[in-house]
file target_25.cif (mmCIF, C-alpha atoms and all ligand atoms)
data_structure
loop_
_atom_site.label_atom_id
_atom_site.label_comp_id
_atom_site.auth_asym_id
_atom_site.auth_seq_id
_atom_site.Cartn_x
_atom_site.Cartn_y
_atom_site.Cartn_z
CA MET F 15 1.66 12.77 -4.08
CA LEU F 16 2.04 15.65 -6.55
CA GLU F 17 2.65 13.34 -9.50
CA LEU F 18 -0.49 11.39 -8.78
CA LYS F 19 -2.48 14.57 -8.36
CA ASP F 20 -1.41 15.72 -11.83
CA SER F 21 -1.71 12.43 -13.66
CA ASP F 22 -4.82 10.88 -12.13
CA SER F 23 -6.99 13.24 -10.18
CA ALA F 24 -9.71 10.61 -9.72
CA VAL F 25 -7.53 8.18 -7.79
CA TYR F 26 -5.72 11.06 -6.08
CA SER F 27 -8.89 12.52 -4.63
CA LEU F 28 -10.09 9.11 -3.42
CA VAL F 29 -6.78 8.47 -1.64
CA GLN F 30 -6.97 11.98 -0.22
CA GLY F 31 -10.46 11.22 1.06
CA GLU F 32 -9.18 8.15 2.88
CA LEU F 33 -6.28 10.15 4.32
CA GLU F 34 -8.70 12.73 5.70
CA ARG F 35 -10.86 9.95 7.17
CA GLN F 36 -7.86 8.42 8.90
CA LYS F 37 -6.89 11.80 10.37
CA ASP F 38 -10.40 12.76 11.33
CA VAL F 39 -11.92 9.73 13.09
CA LEU F 40 -10.96 7.61 16.08
CA ASN F 41 -9.95 4.38 14.38
CA MET F 42 -10.44 1.58 16.85
CA ILE F 43 -10.42 -1.51 14.66
CA PRO F 44 -7.90 -3.66 16.56
CA SER F 45 -6.33 -5.25 13.47
CA GLU F 46 -5.36 -1.88 11.99
CA ASN F 47 -2.55 0.55 12.66
CA TYR F 48 -0.99 3.73 11.27
CA VAL F 49 2.49 3.09 9.88
CA SER F 50 5.28 5.65 9.85
CA LYS F 51 6.00 7.75 6.78
CA ALA F 52 9.26 5.80 6.45
CA VAL F 53 7.26 2.56 6.08
CA LEU F 54 5.01 4.26 3.52
CA GLU F 55 8.01 5.49 1.54
CA ALA F 56 9.60 2.03 1.41
CA THR F 57 6.28 0.52 0.31
CA GLY F 58 5.96 3.11 -2.45
CA SER F 59 9.56 2.79 -3.63
CA VAL F 60 11.10 1.58 -6.93
CA LEU F 61 11.48 -1.85 -5.37
CA CYS F 62 8.00 -2.55 -6.72
CA ASN F 63 9.66 -2.78 -10.15
CA LYS F 64 11.77 -5.86 -9.40
CA TYR F 65 11.30 -9.60 -9.83
CA SER F 66 13.24 -11.85 -7.48
CA GLU F 67 11.75 -15.34 -7.34
CA GLY F 68 13.79 -17.56 -5.05
CA TYR F 69 15.70 -16.60 -1.92
CA ALA F 70 18.75 -14.39 -1.30
CA LYS F 71 21.79 -15.55 -3.28
CA ARG F 72 19.63 -18.23 -4.94
CA ARG F 73 17.45 -16.17 -7.33
CA TYR F 74 15.98 -17.07 -10.68
CA TYR F 75 16.55 -13.53 -12.00
CA GLN F 76 19.59 -11.34 -12.43
CA GLY F 77 19.98 -7.92 -10.87
CA ASN F 78 19.08 -8.85 -7.31
CA GLN F 79 22.16 -7.62 -5.45
CA TRP F 80 20.25 -4.86 -3.62
CA ILE F 81 17.13 -6.94 -3.10
CA ASP F 82 19.22 -9.72 -1.52
CA GLU F 83 20.73 -7.25 0.95
CA ILE F 84 17.29 -5.88 1.81
CA GLU F 85 15.75 -9.31 2.39
CA LEU F 86 18.71 -10.47 4.48
CA LEU F 87 18.61 -7.30 6.57
CA ALA F 88 14.88 -7.71 7.16
CA ILE F 89 15.38 -11.36 8.18
CA GLU F 90 18.21 -10.46 10.54
CA ARG F 91 16.05 -7.80 12.21
CA ALA F 92 13.08 -10.16 12.48
CA LYS F 93 15.26 -12.80 14.15
CA LYS F 94 16.55 -10.23 16.62
CA LEU F 95 13.05 -8.97 17.34
CA PHE F 96 11.48 -12.36 18.06
CA GLY F 97 14.38 -14.70 18.71
CA ALA F 98 13.40 -17.01 15.86
CA GLU F 99 15.72 -19.64 14.39
CA HIS F 100 14.41 -19.26 10.85
CA VAL F 101 12.37 -16.54 9.15
CA ASN F 102 10.56 -16.47 5.80
CA LEU F 103 9.46 -12.95 4.91
CA GLN F 104 7.86 -13.60 1.57
CA PRO F 105 4.21 -14.46 2.36
CA TYR F 106 1.92 -11.87 0.77
CA SER F 107 -0.42 -11.80 3.75
CA GLY F 108 -1.59 -13.77 6.76
CA SER F 109 -3.92 -16.16 4.98
CA PRO F 110 -1.38 -17.25 2.31
CA ALA F 111 1.19 -17.66 5.08
CA ASN F 112 -1.09 -20.04 6.97
CA ALA F 113 -1.77 -21.94 3.75
CA ALA F 114 2.00 -22.31 3.31
CA ILE F 115 2.43 -23.68 6.84
CA TYR F 116 -0.22 -26.35 6.36
CA PHE F 117 1.15 -27.13 2.90
CA ALA F 118 4.63 -27.56 4.38
CA LEU F 119 3.74 -29.68 7.41
CA LEU F 120 0.47 -31.53 6.77
CA LYS F 121 -0.87 -34.08 4.33
CA LEU F 122 -4.24 -33.46 2.69
CA GLY F 123 -6.89 -34.68 5.10
CA ASP F 124 -4.78 -34.15 8.22
CA LYS F 125 -6.50 -32.52 11.15
CA ILE F 126 -6.18 -28.89 12.29
CA MET F 127 -7.29 -27.91 15.78
CA GLY F 128 -7.81 -24.17 16.16
CA MET F 129 -10.28 -21.90 17.88
CA ARG F 130 -13.75 -21.79 16.35
CA LEU F 131 -14.33 -18.66 14.25
CA ASP F 132 -17.31 -17.40 16.23
CA MET F 133 -15.26 -17.67 19.45
CA GLY F 134 -12.47 -15.46 18.11
CA GLY F 135 -10.50 -17.79 15.83
CA HIS F 136 -9.45 -16.97 12.27
CA LEU F 137 -10.97 -18.27 9.02
CA THR F 138 -7.68 -20.01 8.17
CA HIS F 139 -7.71 -22.01 11.41
CA GLY F 140 -10.24 -24.51 10.05
CA HIS F 141 -13.44 -22.59 9.35
CA THR F 142 -16.04 -24.41 7.23
CA VAL F 143 -15.99 -22.10 4.18
CA ASN F 144 -12.19 -21.74 4.19
CA PHE F 145 -9.60 -23.88 2.36
CA SER F 146 -8.35 -24.92 5.80
CA SER F 147 -11.39 -27.12 6.31
CA ARG F 148 -11.88 -28.08 2.64
CA PHE F 149 -8.41 -29.60 2.24
CA TYR F 150 -7.93 -30.58 5.87
CA LYS F 151 -10.14 -31.82 8.67
CA SER F 152 -11.00 -29.40 11.43
CA SER F 153 -11.76 -30.03 15.11
CA PRO F 154 -12.13 -26.63 16.67
CA TYR F 155 -11.99 -25.80 20.37
CA THR F 156 -14.09 -23.17 22.08
CA VAL F 157 -13.86 -20.79 25.02
CA ASP F 158 -15.55 -21.39 28.35
CA ARG F 159 -19.21 -20.38 28.28
CA GLU F 160 -19.15 -18.73 31.71
CA THR F 161 -15.81 -16.89 31.64
CA GLY F 162 -15.32 -16.30 27.91
CA MET F 163 -11.76 -17.52 28.41
CA LEU F 164 -9.71 -20.44 27.16
CA ASP F 165 -10.21 -23.62 29.17
CA MET F 166 -6.91 -25.45 28.77
CA ASP F 167 -8.24 -28.64 30.34
CA ALA F 168 -10.93 -28.75 27.67
CA VAL F 169 -8.31 -28.04 24.97
CA ARG F 170 -6.17 -30.91 26.31
CA LYS F 171 -9.11 -33.33 26.40
CA LEU F 172 -10.16 -32.45 22.87
CA ALA F 173 -6.58 -32.86 21.63
CA GLU F 174 -6.42 -36.30 23.26
CA THR F 175 -9.63 -37.52 21.64
CA GLU F 176 -9.25 -35.81 18.25
CA LYS F 177 -5.50 -36.39 17.80
CA PRO F 178 -4.90 -33.44 15.43
CA GLN F 179 -1.66 -33.10 13.44
CA ILE F 180 -1.38 -29.40 14.27
CA ILE F 181 -2.75 -27.28 17.12
CA VAL F 182 -3.19 -23.60 16.38
CA SER F 183 -3.23 -20.89 19.01
CA GLY F 184 -3.56 -17.16 18.32
CA TYR F 185 -6.80 -15.35 17.52
CA THR F 186 -8.53 -12.36 16.00
CA ALA F 187 -10.95 -11.55 18.77
CA TYR F 188 -9.63 -12.89 22.06
CA PRO F 189 -8.93 -10.25 24.71
CA ARG F 190 -6.85 -12.39 27.06
CA THR F 191 -3.31 -13.72 27.43
CA ILE F 192 -2.57 -16.83 25.40
CA PRO F 193 -0.72 -19.62 27.27
CA PHE F 194 1.60 -20.57 24.41
CA LYS F 195 3.69 -22.82 26.60
CA GLU F 196 0.70 -24.95 27.56
CA PHE F 197 -0.39 -25.13 23.94
CA HIS F 198 3.02 -26.44 23.01
CA GLU F 199 3.02 -29.00 25.81
CA ILE F 200 -0.38 -30.30 24.76
CA SER F 201 0.80 -30.48 21.14
CA GLU F 202 3.87 -32.41 22.17
CA SER F 203 1.85 -34.84 24.26
CA VAL F 204 -0.44 -35.78 21.35
CA GLY F 205 2.26 -35.79 18.66
CA ALA F 206 1.05 -32.63 16.93
CA TYR F 207 2.90 -29.57 15.68
CA SER F 208 2.36 -26.43 17.72
CA MET F 209 1.56 -23.34 15.69
CA ALA F 210 1.06 -19.84 17.05
CA ASP F 211 -0.62 -17.26 14.83
CA ILE F 212 0.38 -14.03 16.56
CA SER F 213 -0.98 -11.73 13.84
CA HIS F 214 -2.91 -9.57 16.28
CA ILE F 215 -0.41 -9.43 19.11
CA ALA F 216 2.98 -9.51 17.33
CA GLY F 217 3.71 -5.92 18.37
CA LEU F 218 2.90 -6.77 21.98
CA VAL F 219 5.15 -9.85 21.85
CA ALA F 220 7.99 -7.86 20.24
CA GLY F 221 7.58 -5.13 22.85
CA GLY F 222 7.42 -7.52 25.79
CA ALA F 223 3.78 -6.78 26.60
CA HIS F 224 2.57 -10.35 25.95
CA PRO F 225 4.38 -13.67 26.62
CA SER F 226 6.28 -14.95 23.59
CA PRO F 227 5.61 -18.26 21.81
CA PHE F 228 9.40 -18.57 21.36
CA PRO F 229 11.58 -20.54 21.60
CA PHE F 230 9.43 -23.65 22.06
CA THR F 231 6.62 -23.29 19.47
CA ASP F 232 7.29 -25.20 16.24
CA VAL F 233 6.02 -22.55 13.87
CA VAL F 234 4.92 -18.97 14.43
CA MET F 235 3.10 -16.86 11.87
CA THR F 236 2.35 -13.19 12.02
CA THR F 237 0.98 -10.52 9.79
CA THR F 238 3.17 -7.43 9.81
CA HIS F 239 0.44 -4.79 9.59
CA LYS F 240 -1.39 -5.07 12.90
CA THR F 241 0.16 -4.18 16.29
CA LEU F 242 3.59 -4.68 14.71
CA ARG F 243 2.88 -1.49 12.70
CA GLY F 244 4.48 -2.47 9.42
CA PRO F 245 3.25 -2.83 5.82
CA ARG F 246 0.53 -5.28 4.80
CA GLY F 247 2.14 -8.68 4.64
CA ALA F 248 3.18 -11.61 6.79
CA MET F 249 6.06 -13.79 7.83
CA ILE F 250 6.62 -17.32 9.01
CA MET F 251 9.10 -18.11 11.76
CA CYS F 252 10.05 -21.64 12.70
CA ARG F 253 12.55 -24.00 14.24
CA LYS F 254 15.34 -25.19 11.99
CA ASN F 255 14.62 -28.83 12.81
CA ASP F 256 11.35 -30.68 12.43
CA ARG F 257 10.96 -32.61 15.69
CA LEU F 258 8.16 -34.70 14.14
CA ALA F 259 9.95 -35.63 10.93
CA ARG F 260 9.02 -39.13 9.71
CA THR F 261 12.24 -40.72 8.56
CA GLU F 262 11.49 -44.48 8.46
CA GLY F 263 12.87 -46.02 5.30
CA LEU F 264 14.58 -42.84 4.10
CA ASP F 265 18.19 -42.64 3.00
CA GLU F 266 20.60 -40.15 4.52
CA LYS F 267 19.88 -37.33 2.10
CA GLU F 268 16.12 -37.78 2.32
CA THR F 269 16.32 -37.93 6.12
CA GLU F 270 18.16 -34.64 6.21
CA LYS F 271 15.50 -33.10 4.00
CA ALA F 272 12.68 -34.50 6.13
CA LYS F 273 14.22 -32.99 9.27
CA ASP F 274 14.74 -29.59 7.68
CA MET F 275 11.67 -27.66 8.85
CA ALA F 276 13.04 -24.36 7.58
CA GLY F 277 13.51 -25.82 4.12
CA LYS F 278 9.99 -27.23 4.10
CA ILE F 279 8.51 -23.85 5.00
CA ASP F 280 10.62 -22.04 2.40
CA ARG F 281 9.71 -24.49 -0.37
CA ALA F 282 6.02 -24.30 0.54
CA VAL F 283 6.05 -20.50 0.21
CA PHE F 284 8.11 -20.56 -3.00
CA PRO F 285 7.71 -22.36 -5.34
CA GLY F 286 4.86 -24.17 -3.55
CA LEU F 287 2.31 -21.38 -3.36
CA GLN F 288 3.76 -18.09 -4.48
CA GLY F 289 5.79 -16.57 -7.27
CA GLY F 290 7.89 -13.45 -6.88
CA PRO F 291 8.05 -11.76 -3.48
CA HIS F 292 6.89 -8.16 -3.09
CA ASP F 293 10.30 -6.58 -2.57
CA ASN F 294 8.90 -3.15 -1.80
CA VAL F 295 6.97 -4.71 1.08
CA THR F 296 10.07 -6.62 2.23
CA ALA F 297 11.90 -3.29 2.51
CA ALA F 298 8.99 -1.79 4.42
CA LYS F 299 9.03 -4.80 6.76
CA ALA F 300 12.73 -4.15 7.41
CA VAL F 301 11.93 -0.52 8.25
CA ALA F 302 9.10 -1.52 10.60
CA PHE F 303 11.30 -4.11 12.36
CA GLY F 304 13.98 -1.45 12.75
CA GLU F 305 11.40 0.76 14.44
CA ALA F 306 10.19 -2.10 16.62
CA LEU F 307 13.74 -2.80 17.81
CA LYS F 308 13.98 0.70 19.31
CA PRO F 309 13.30 1.17 23.04
CA GLU F 310 10.34 3.46 22.22
CA PHE F 311 8.50 0.49 20.76
CA LYS F 312 8.52 -1.29 24.13
CA VAL F 313 6.92 1.79 25.64
CA TYR F 314 4.39 1.80 22.79
CA ALA F 315 3.49 -1.88 23.29
CA HIS F 316 2.94 -1.45 27.02
CA GLN F 317 0.93 1.73 26.48
CA ILE F 318 -1.38 -0.12 24.05
CA VAL F 319 -2.24 -2.53 26.87
CA ALA F 320 -2.48 0.16 29.55
CA ASN F 321 -4.85 2.09 27.28
CA ALA F 322 -6.99 -0.98 26.60
CA LYS F 323 -7.24 -1.69 30.34
CA ALA F 324 -8.21 1.92 31.09
CA LEU F 325 -10.78 1.84 28.31
CA ALA F 326 -12.20 -1.48 29.53
CA LYS F 327 -12.57 -0.13 33.05
CA THR F 328 -14.40 3.00 31.86
CA LEU F 329 -16.76 0.92 29.74
CA MET F 330 -17.55 -1.46 32.59
CA ASP F 331 -17.98 1.47 35.01
CA ASN F 332 -20.55 2.78 32.52
CA ASN F 333 -22.60 -0.42 32.39
CA VAL F 334 -21.13 -1.91 29.25
CA LYS F 335 -20.59 -5.68 29.38
CA LEU F 336 -17.29 -7.02 28.06
CA VAL F 337 -16.49 -10.59 27.08
CA SER F 338 -14.31 -12.01 29.89
CA ASP F 339 -14.96 -8.81 31.89
CA GLY F 340 -11.81 -7.07 30.73
CA THR F 341 -8.68 -7.35 28.65
CA ASP F 342 -5.00 -8.30 28.87
CA ASN F 343 -4.05 -7.10 25.40
CA HIS F 344 -4.91 -4.49 22.79
CA LEU F 345 -8.53 -5.45 22.18
CA ILE F 346 -11.89 -5.40 23.86
CA LEU F 347 -14.95 -7.38 22.84
CA ILE F 348 -18.15 -5.60 23.84
CA ASP F 349 -21.03 -7.98 24.52
CA LEU F 350 -24.29 -6.21 23.63
CA THR F 351 -26.47 -9.19 24.59
CA PRO F 352 -27.77 -7.53 27.79
CA ILE F 353 -29.12 -4.67 25.63
CA GLY F 354 -30.41 -6.81 22.78
CA ILE F 355 -29.45 -9.73 20.54
CA GLY F 356 -27.86 -9.06 17.15
CA LEU F 357 -27.18 -5.35 17.76
CA GLY F 358 -23.48 -5.30 16.74
CA LYS F 359 -23.92 -3.75 13.31
CA LYS F 360 -26.40 -1.15 14.52
CA ILE F 361 -24.04 0.00 17.29
CA ALA F 362 -21.01 0.00 14.97
CA VAL F 363 -22.93 2.27 12.56
CA ALA F 364 -24.01 4.57 15.41
CA LEU F 365 -20.43 4.75 16.68
CA GLU F 366 -19.18 5.64 13.22
CA GLU F 367 -21.71 8.48 13.08
CA ALA F 368 -20.10 9.73 16.29
CA GLY F 369 -16.62 9.50 14.73
CA ILE F 370 -15.53 6.17 16.23
CA CYS F 371 -14.67 3.40 13.76
CA THR F 372 -15.09 -0.18 15.07
CA ASN F 373 -16.39 -3.47 13.74
CA ALA F 374 -19.34 -5.67 14.57
CA ASN F 375 -18.24 -9.09 15.79
CA THR F 376 -19.73 -12.27 17.16
CA VAL F 377 -19.41 -12.87 20.89
CA PRO F 378 -18.78 -16.42 22.17
CA TYR F 379 -22.00 -18.48 22.07
CA ASP F 380 -23.69 -15.63 20.18
CA GLN F 381 -27.46 -16.07 20.19
CA SER F 382 -27.64 -14.37 16.79
CA THR F 383 -25.95 -15.15 13.42
CA PRO F 384 -22.51 -14.08 12.11
CA PHE F 385 -24.31 -11.74 9.70
CA LYS F 386 -26.06 -10.05 12.59
CA PRO F 387 -23.61 -10.50 15.48
CA SER F 388 -24.17 -9.36 19.05
CA GLY F 389 -20.82 -7.75 19.73
CA VAL F 390 -18.52 -4.90 18.79
CA ARG F 391 -14.75 -5.30 18.66
CA ILE F 392 -12.54 -2.35 19.52
CA GLY F 393 -8.83 -1.84 20.12
CA THR F 394 -6.22 0.72 21.06
CA PRO F 395 -3.25 0.29 18.65
CA ILE F 396 -4.02 3.35 16.50
CA LEU F 397 -5.06 5.70 19.28
CA THR F 398 -1.84 4.75 21.07
CA THR F 399 0.19 5.36 17.89
CA ARG F 400 -1.37 8.84 17.84
CA GLY F 401 -0.06 9.43 21.36
CA MET F 402 -3.21 9.05 23.43
CA LYS F 403 -3.00 7.78 26.99
CA GLU F 404 -5.28 6.73 29.86
CA THR F 405 -6.85 10.22 30.22
CA GLU F 406 -8.07 10.13 26.63
CA MET F 407 -9.23 6.51 27.00
CA LYS F 408 -11.57 7.61 29.76
CA LEU F 409 -13.15 10.21 27.46
CA VAL F 410 -13.41 7.77 24.56
CA GLY F 411 -14.88 5.07 26.83
CA GLU F 412 -17.55 7.44 28.08
CA TRP F 413 -18.49 8.43 24.52
CA ILE F 414 -18.72 4.81 23.43
CA ALA F 415 -20.90 3.93 26.43
CA LYS F 416 -23.24 6.86 25.75
CA VAL F 417 -23.71 5.82 22.11
CA ILE F 418 -24.30 2.20 23.13
CA HIS F 419 -27.00 3.21 25.57
CA SER F 420 -28.67 5.72 23.16
CA PRO F 421 -27.79 4.68 19.60
CA ASP F 422 -30.76 6.54 18.06
CA ASP F 423 -30.06 9.88 19.72
CA ALA F 424 -28.96 12.02 16.74
CA ALA F 425 -28.16 15.08 18.84
CA LEU F 426 -25.93 13.03 21.14
CA LYS F 427 -24.07 11.48 18.21
CA ALA F 428 -23.57 14.91 16.60
CA LYS F 429 -22.22 16.32 19.86
CA ILE F 430 -19.79 13.42 20.27
CA ARG F 431 -18.77 13.73 16.61
CA GLY F 432 -17.63 17.28 17.44
CA GLU F 433 -15.68 16.02 20.43
CA THR F 434 -14.01 13.15 18.55
CA LYS F 435 -12.94 15.60 15.81
CA GLU F 436 -11.42 17.87 18.42
CA LEU F 437 -9.52 14.98 20.00
CA CYS F 438 -8.23 13.89 16.58
CA ASN F 439 -6.96 17.41 15.90
CA LYS F 440 -5.17 17.42 19.22
CA PHE F 441 -3.45 14.12 18.38
CA ALA F 442 -2.76 14.83 14.72
CA PHE F 443 -1.14 12.11 12.61
CA TYR F 444 0.26 12.22 9.04
C1 LIG F 501 -5.44 -10.94 10.39
C2 LIG F 501 -5.24 -12.35 10.69
C3 LIG F 501 -4.89 -13.28 9.70
C4 LIG F 501 -4.96 -13.01 8.22
O1 LIG F 501 -4.30 -11.99 7.71
P1 LIG F 501 -4.66 -11.42 6.26
O2 LIG F 501 -3.45 -10.62 5.98
O3 LIG F 501 -5.91 -10.63 6.42
O4 LIG F 501 -4.81 -12.57 5.33
C5 LIG F 501 -4.61 -14.58 10.09
N1 LIG F 501 -4.69 -14.95 11.37
C6 LIG F 501 -5.06 -14.09 12.34
C7 LIG F 501 -5.13 -14.58 13.75
C8 LIG F 501 -5.34 -12.77 12.04
O5 LIG F 501 -5.72 -11.95 13.01
#

call {"tool": "encode", "arguments": {"input": "target_25.cif", "output": "structure tokens", "more": "lines below"}}
Ligand SMILES: *Cc1c(COP(=O)(O)O)cnc(C)c1O
result
Amino acid sequence: MLELKDSDSAVYSLVQGELERQKDVLNMIPSENYVSKAVLEATGSVLCNKYSEGYAKRRYYQGNQWIDEIELLAIERAKKLFGAEHVNLQPYSGSPANAAIYFALLKLGDKIMGMRLDMGGHLTHGHTVNFSSRFYKSSPYTVDRETGMLDMDAVRKLAETEKPQIIVSGYTAYPRTIPFKEFHEISESVGAYSMADISHIAGLVAGGAHPSPFPFTDVVMTTTHKTLRGPRGAMIMCRKNDRLARTEGLDEKETEKAKDMAGKIDRAVFPGLQGGPHDNVTAAKAVAFGEALKPEFKVYAHQIVANAKALAKTLMDNNVKLVSDGTDNHLILIDLTPIGIGLGKKIAVALEEAGICTNANTVPYDQSTPFKPSGVRIGTPILTTRGMKETEMKLVGEWIAKVIHSPDDAALKAKIRGETKELCNKFAFY
């Protein structure tokens, strides 16, 4: 970034500071990842200069011959990666993508049934302060109080009494396998769309380390910047045909339009909600999908899970309680309730002092408030990207456990800070 250094030293040194932080600490926030330099280059390319409202070969601006090729290539790779019938790559991020899905498939006031936020669901799945419960009704499901896991019988019963128009699976803080097939069957049985938001686990799905919501789920959304290891952004994948299309009283042309799920999604994204796509990000998505199609990515996805399992075991062996007593994916939710209620933030700060970056999070049925949650959420995508394996997870797990049990011990935190620095140097990145 020599140009930036010369022209704007203030921004340059701030970016440099963040780079050093990323190299120097164990980043364990499960929604983050470190992208390749190729993805960074595409994101920072001249494609950020272009306007291309519309879709390939149907643009509102001239000069899109290269952009069209890039978007089509990215779509082709996404289809290959997930086995989707239709892909829209233009959503700016996960939340706008979810807005587009509801806008495409629901009427104002229709009912969304997703997981409650404090149980691991996302804001956009019907949380009170979010547009998804201001414009739509929300009937959230929960996890089982004893096991911390999904109770599909309870989900089925709730769907039968609440009769939602869309059932959302996929979460931000759920450490277990998601039974997409069952979610779809329940949706079908109550006449609802099935939607899977695989933002967190898309990389695992692409790499075969988590069951796929394809081909049965009606619509699948994912961000591209989490386990999928691409640029910040999102995409919507869906069936070509809308199996719930209401066609009574429509003429032939209108019927065709009503059945065209892909068209509805595309029109909801543009011109429904967005203007011009971020072409630089589209190119970076293509690069990331290209990387994810390589055999190494399968190895990566499985190693993420193996690392999370090794880490979970070490934590539990060291008297740390985990929600659902383990993990099947890339993330672990530490339940601090046995030590004290509302300690999440305090422990996250102590861990950061020791060189381990995490985030405070509610645990299911948290006895405290979302502002003072009782859990800490950690994950292995970045450490795995850096090349760490089970041996390192054991070390990291022991450090985390020590900090949890003695968060005020400054000498301990300083000692571990030295050790985390050393480990980061050994697994250098960027
Ligand atoms: C991260 C996430 C989103 C939102 O993505 P943003 O890009 O932050 O808007 C949506 N749903 C789930 C399940 C997520 O984990």

call {"tool": "closest_residue", "arguments": {"input": "target_25.cif", "among": "F:Asp211, F:Glu202, F:Glu85, F:Asp165", "to": "ligand LIG 501 (chain F)", "atoms": "only C-alpha atoms and all ligand atoms"}}
result
F:Asp211

call {"tool": "closest_atom_pairs", "arguments": {"input": "target_25.cif", "of": "region 265-334 of chain F", "to": "region 117-126 of chain F", "cutoff": "7 Å", "atoms": "only C-alpha atoms", "output": "CSV"}}
result
residue,atom,partner,partner_atom,distance
F:Lys278,CA,F:Ala118,CA,5.4
F:Ile279,CA,F:Ala118,CA,5.4
F:Ala282,CA,F:Ala118,CA,5.2

call {"tool": "residues_around", "arguments": {"input": "target_25.cif", "residues": "Ser66 (chain F)", "least_positions_apart": "6", "cutoff": "12 Å", "atoms": "only C-alpha atoms", "output": "PyMOL selection string"}}
result
chain F and resi 72-82+84-85+104+284+288-294+296

call {"tool": "write_last_selection", "arguments": {"input": "target_25.cif", "atoms": "C-alpha atoms", "output": "PDB file, in the frame of the given file"}}
result
ATOM      1  CA  ARG F  72      19.630 -18.230  -4.940  1.00  0.00           C
ATOM      2  CA  ARG F  73      17.450 -16.170  -7.330  1.00  0.00           C
ATOM      3  CA  TYR F  74      15.980 -17.070 -10.680  1.00  0.00           C
ATOM      4  CA  TYR F  75      16.550 -13.530 -12.000  1.00  0.00           C
ATOM      5  CA  GLN F  76      19.590 -11.340 -12.430  1.00  0.00           C
ATOM      6  CA  GLY F  77      19.980  -7.920 -10.870  1.00  0.00           C
ATOM      7  CA  ASN F  78      19.080  -8.850  -7.310  1.00  0.00           C
ATOM      8  CA  GLN F  79      22.160  -7.620  -5.450  1.00  0.00           C
ATOM      9  CA  TRP F  80      20.250  -4.860  -3.620  1.00  0.00           C
ATOM     10  CA  ILE F  81      17.130  -6.940  -3.100  1.00  0.00           C
ATOM     11  CA  ASP F  82      19.220  -9.720  -1.520  1.00  0.00           C
ATOM     12  CA  ILE F  84      17.290  -5.880   1.810  1.00  0.00           C
ATOM     13  CA  GLU F  85      15.750  -9.310   2.390  1.00  0.00           C
ATOM     14  CA  GLN F 104       7.860 -13.600   1.570  1.00  0.00           C
ATOM     15  CA  PHE F 284       8.110 -20.560  -3.000  1.00  0.00           C
ATOM     16  CA  GLN F 288       3.760 -18.090  -4.480  1.00  0.00           C
ATOM     17  CA  GLY F 289       5.790 -16.570  -7.270  1.00  0.00           C
ATOM     18  CA  GLY F 290       7.890 -13.450  -6.880  1.00  0.00           C
ATOM     19  CA  PRO F 291       8.050 -11.760  -3.480  1.00  0.00           C
ATOM     20  CA  HIS F 292       6.890  -8.160  -3.090  1.00  0.00           C
ATOM     21  CA  ASP F 293      10.300  -6.580  -2.570  1.00  0.00           C
ATOM     22  CA  ASN F 294       8.900  -3.150  -1.800  1.00  0.00           C
ATOM     23  CA  THR F 296      10.070  -6.620   2.230  1.00  0.00           C
TER      24      THR F 296
END

call {"tool": "closest_residue", "arguments": {"input": "target_25.cif", "among": "F:Pro225, F:Lys435, F:Thr236, F:Ile318", "to": "Gly108 (chain F)", "atoms": "only C-alpha atoms"}}
result
F:Thr236

call {"tool": "residues_near_ligand", "arguments": {"input": "target_25.cif", "ligand": "ligand LIG 501 (chain F)", "cutoff": "6 Å", "atoms": "only C-alpha atoms and all ligand atoms", "output": "number ranges by chain"}}
result
F: 107-109, 136, 184-186, 211, 213-214, 237

call {"tool": "write_last_selection", "arguments": {"input": "target_25.cif", "atoms": "C-alpha atoms", "output": "compact mmCIF listing (two decimals), in the frame of the given file"}}
result
# COMPACT_ATOMS: atom_id res chain seq x y z
CA SER F 107 -0.42 -11.80 3.75
CA GLY F 108 -1.59 -13.77 6.76
CA SER F 109 -3.92 -16.16 4.98
CA HIS F 136 -9.45 -16.97 12.27
CA GLY F 184 -3.56 -17.16 18.32
CA TYR F 185 -6.80 -15.35 17.52
CA THR F 186 -8.53 -12.36 16.00
CA ASP F 211 -0.62 -17.26 14.83
CA SER F 213 -0.98 -11.73 13.84
CA HIS F 214 -2.91 -9.57 16.28
CA THR F 237 0.98 -10.52 9.79

call {"tool": "residues_around", "arguments": {"input": "target_25.cif", "residues": "Pro227 (chain F)", "least_positions_apart": "3", "cutoff": "10 Å", "atoms": "only C-alpha atoms", "output": "ChimeraX atom specification"}}
result
/F:96-98,183-184,192-195,197-198,208-212,219,224,230-234

call {"tool": "atom_distance", "arguments": {"input": "target_25.cif", "atom1": "CA of Thr376 (chain F)", "atom2": "CA of Ser420 (chain F)"}}
result
21.0 Å

call {"tool": "closest_residue", "arguments": {"input": "target_25.cif", "among": "F:Ala276, F:Ala206, F:Val334, F:Ile418", "to": "Val363 (chain F)", "atoms": "all atoms listed in the file"}}
result
F:Ile418
